[in-house]
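Q: Here you go, one structure.
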Amino acid sequence: MKRTVCMLIVILIAFAICSCAATDNEEFLVDFNSGFDSGKIDFGGFECTIMQNHMAETTATSLFSYPSGTLMEDMLLQRKKEIENDVNCKITIKTDGTIRLDSIVPVLASGSFVADILFTSGQQSFVRAGFCFPLDAMTDYLDYTDSSKYGGYGMLEPGLFKGTVYSVSPIMWPGKQIVTSFGVFVVNENLISRYGRVDPRDYVENGEWTWDTFEKVIPDYQIDDGSVQATAVNITWGLLEFAMMNGMQYYTIQDDGSVLPAIDSPEVAETLDWCSRLFANNKDYITFNDHETMLAKMLNDELVMSKTAVDHIIRFMSYKLDNFGVVPMPCGPHGTYGEWTNAYHENIAFMILYNTLEEKCAATVIDRFCDPFEGYETEDDLKNYMSNIFFDDRDLDVIMSLFRNTRWAYQSVTSIYDFFNNAATATANGKSSAEILSSQAERVNETIIKEVIPNVEFIESLKSSNGN
């Protein structure tokens, strides 16, 4: 029953991963024939157009990534009706049928009108191309600092460019809290139970999920009884999340308030040296297979634990594994135990296009669409929504902590993101932090100065103005 429920729900909350062939623009129109309340904002019947990408596991006419005929789509349709009635506008939703809105890029580059609003993942490509309207000019209509609606400061980062906010994510939509992040281990609980191993979730719960514990238990998680051979751990992606759980930041803030790059910080160096030692001492128990290879081994009971993405657990494992668990990266000596941190790669987002015909209406429409739905106003409500996917409340506690303590991985800024991916290979080959940093730190720090620090300075100014 559990897996059947998961198969249904996984479709609802999957992210845009799988590519789709481009199609002609399709309009998704619903005529509610709604009247207008003259006591409220009046946009004079303006037609506000939203261009959405074709999200994974949905059809080209699905609304904002929720499949047709689902409760969530019905709620969004009702919300659409309410917005149209309340502010006297007509909302038209279109799609180009591609996963990244590829077909509209040359149209936007030519200066032609496409839509007032974009809804897509991977918003940085549009932001960096100069296609988006700055949201700081629209704060009377869309308050991007409202963390109860748009998440914490870390959720603003992919929509930030040189200290200006261009996008927001609807983080109170059920199932949209699961950003594409790689800060967890998925655990094959069938193997743990069958062979009497200690559930790593017990270590997390008991305050013992540290680097020292992780080192000690890896050999014990290796299984070989003649019929079943399962590798203890797979490191599927880079080391960024390990470093974050050791207190790593891309930067340091000085006493005078200045911000300096810090890819060569003691926390990062310590992480690299620990990983190098960990991999050398456990070379028979740790593999570095890619996602597809890892997934096949996990589903075939040939792997006990693997570094992976939360949304990949939902999309690829939840309805195929009879029982699985979720644990964070272990806490390093400079990390804060229990504040499970996370670096995410992308999430769905709304943006106003630079040549919108009515930016105030566009901002109002986005803000109203992102309001919490009735019955899903709190974190507990959202956890309850996902409770049929995961087998243990502790899994959801970890995931919600990741969401609260998340920040962008700066995936589109390749020299930063690639640094930690390359570090996984380097440490697996026995390289020390000194060797890795001596060849790469200067280049990465230069990129941090250019790409990250303006955003950090902006976020710090927000925190200061909000009394944080």
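A note on labels: chains of the structure tokens are A, B, ... as shown, every chain counts residues from 1, and ligands are counted from 1 in their shown order.
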Restrict the calculation to only C-alpha atoms, then for each residue of region 377-431 of chain A with any atom at most 12 Å from an atom of region 248-261 of chain A give the closest atom pair and their distance in Å to one decimal, rows by chain and rising residue number, as JSON lines.

A:
{"residue": "A:Thr406", "atom": "CA", "partner": "A:Gln249", "partner_atom": "CA", "distance": 12.0}
{"residue": "A:Arg407", "atom": "CA", "partner": "A:Gln249", "partner_atom": "CA", "distance": 10.2}
{"residue": "A:Trp408", "atom": "CA", "partner": "A:Tyr250", "partner_atom": "CA", "distance": 11.0}
{"residue": "A:Ala409", "atom": "CA", "partner": "A:Tyr250", "partner_atom": "CA", "distance": 10.0}
{"residue": "A:Tyr410", "atom": "CA", "partner": "A:Tyr250", "partner_atom": "CA", "distance": 10.3}
{"residue": "A:Ile416", "atom": "CA", "partner": "A:Tyr250", "partner_atom": "CA", "distance": 9.0}
{"residue": "A:Tyr417", "atom": "CA", "partner": "A:Tyr250", "partner_atom": "CA", "distance": 11.0}
{"residue": "A:Phe419", "atom": "CA", "partner": "A:Tyr250", "partner_atom": "CA", "distance": 11.7}
{"residue": "A:Phe420", "atom": "CA", "partner": "A:Tyr250", "partner_atom": "CA", "distance": 11.7}

Q: Go ahead and save the picked residues with N, CA and C atoms, as an mmCIF file, in the first residue's frame.

A:
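Okay, this is what ended up in part_23.cif:
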data_model
loop_
_atom_site.group_PDB
_atom_site.id
_atom_site.type_symbol
_atom_site.label_atom_id
_atom_site.label_comp_id
_atom_site.auth_asym_id
_atom_site.auth_seq_id
_atom_site.Cartn_x
_atom_site.Cartn_y
_atom_site.Cartn_z
ATOM 1 N N THR A 406 18.924 26.017 4.021
ATOM 2 C CA THR A 406 19.445 25.803 2.684
ATOM 3 C C THR A 406 20.015 27.088 2.092
ATOM 4 N N ARG A 407 20.881 26.908 1.128
ATOM 5 C CA ARG A 407 21.345 28.014 0.313
ATOM 6 C C ARG A 407 21.706 27.480 -1.067
ATOM 7 N N TRP A 408 21.792 28.370 -2.012
ATOM 8 C CA TRP A 408 22.030 27.974 -3.388
ATOM 9 C C TRP A 408 23.459 27.477 -3.576
ATOM 10 N N ALA A 409 23.626 26.467 -4.417
ATOM 11 C CA ALA A 409 24.942 25.887 -4.685
ATOM 12 C C ALA A 409 25.737 26.674 -5.723
ATOM 13 N N TYR A 410 25.165 27.725 -6.269
ATOM 14 C CA TYR A 410 25.801 28.491 -7.349
ATOM 15 C C TYR A 410 26.232 27.574 -8.486
ATOM 16 N N ILE A 416 32.880 27.652 -9.033
ATOM 17 C CA ILE A 416 32.574 27.377 -7.628
ATOM 18 C C ILE A 416 32.016 25.973 -7.475
ATOM 19 N N TYR A 417 30.985 25.691 -8.241
ATOM 20 C CA TYR A 417 30.323 24.393 -8.137
ATOM 21 C C TYR A 417 31.272 23.249 -8.498
ATOM 22 N N PHE A 419 34.421 23.148 -8.267
ATOM 23 C CA PHE A 419 35.499 22.981 -7.298
ATOM 24 C C PHE A 419 35.215 21.798 -6.375
ATOM 25 N N PHE A 420 34.004 21.703 -5.851
ATOM 26 C CA PHE A 420 33.668 20.641 -4.906
ATOM 27 C C PHE A 420 33.444 19.298 -5.597
#

Q: Mind checking which residues fall within 8 Å of region 144-151 of chain A, counting only C-alpha atoms, ignoring those fewer than 6 positions away in the same chain, and posting them as a PyMOL selection string?

A: chain A and resi 135+168-172+370-372+404+462

Q: Rank A:Gly196, A:Gly175, A:Pro158, A:Pro328 by their smallest atom-to-atom distance to Ile389 (chain A), using only C-alpha atoms, and report the top residue only.

A: A:Gly175

Q: From the options A:Ser68, A:Gln222, A:Thr92, A:Thr120, which residue's atoms come nearest to Tyr195 (chain A), counting only C-alpha atoms?

A: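 The shortest atom-to-atom distance to Tyr195 (chain A) comes from A:Gln222.
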
Q: Using CA of Gly44 (chain A) and CA of Phe369 (chain A) as the two end points, give the distance in Å to one decimal.

A: 19.3 Å

Q: Mind pulling up the distance from CA of Leu76 (chain A) to CA of Tyr354 (chain A)?

A: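 Distance between the two atoms: 25.1 Å.
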
Q: Identify which of the residues A:Glu374, A:Asp418, A:Asp380, A:Glu208 lies closest to Gln440 (chain A), counting only C-alpha atoms when measuring atom-to-atom distances.

A: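 Closest residue, counting only C-alpha atoms: A:Asp418.
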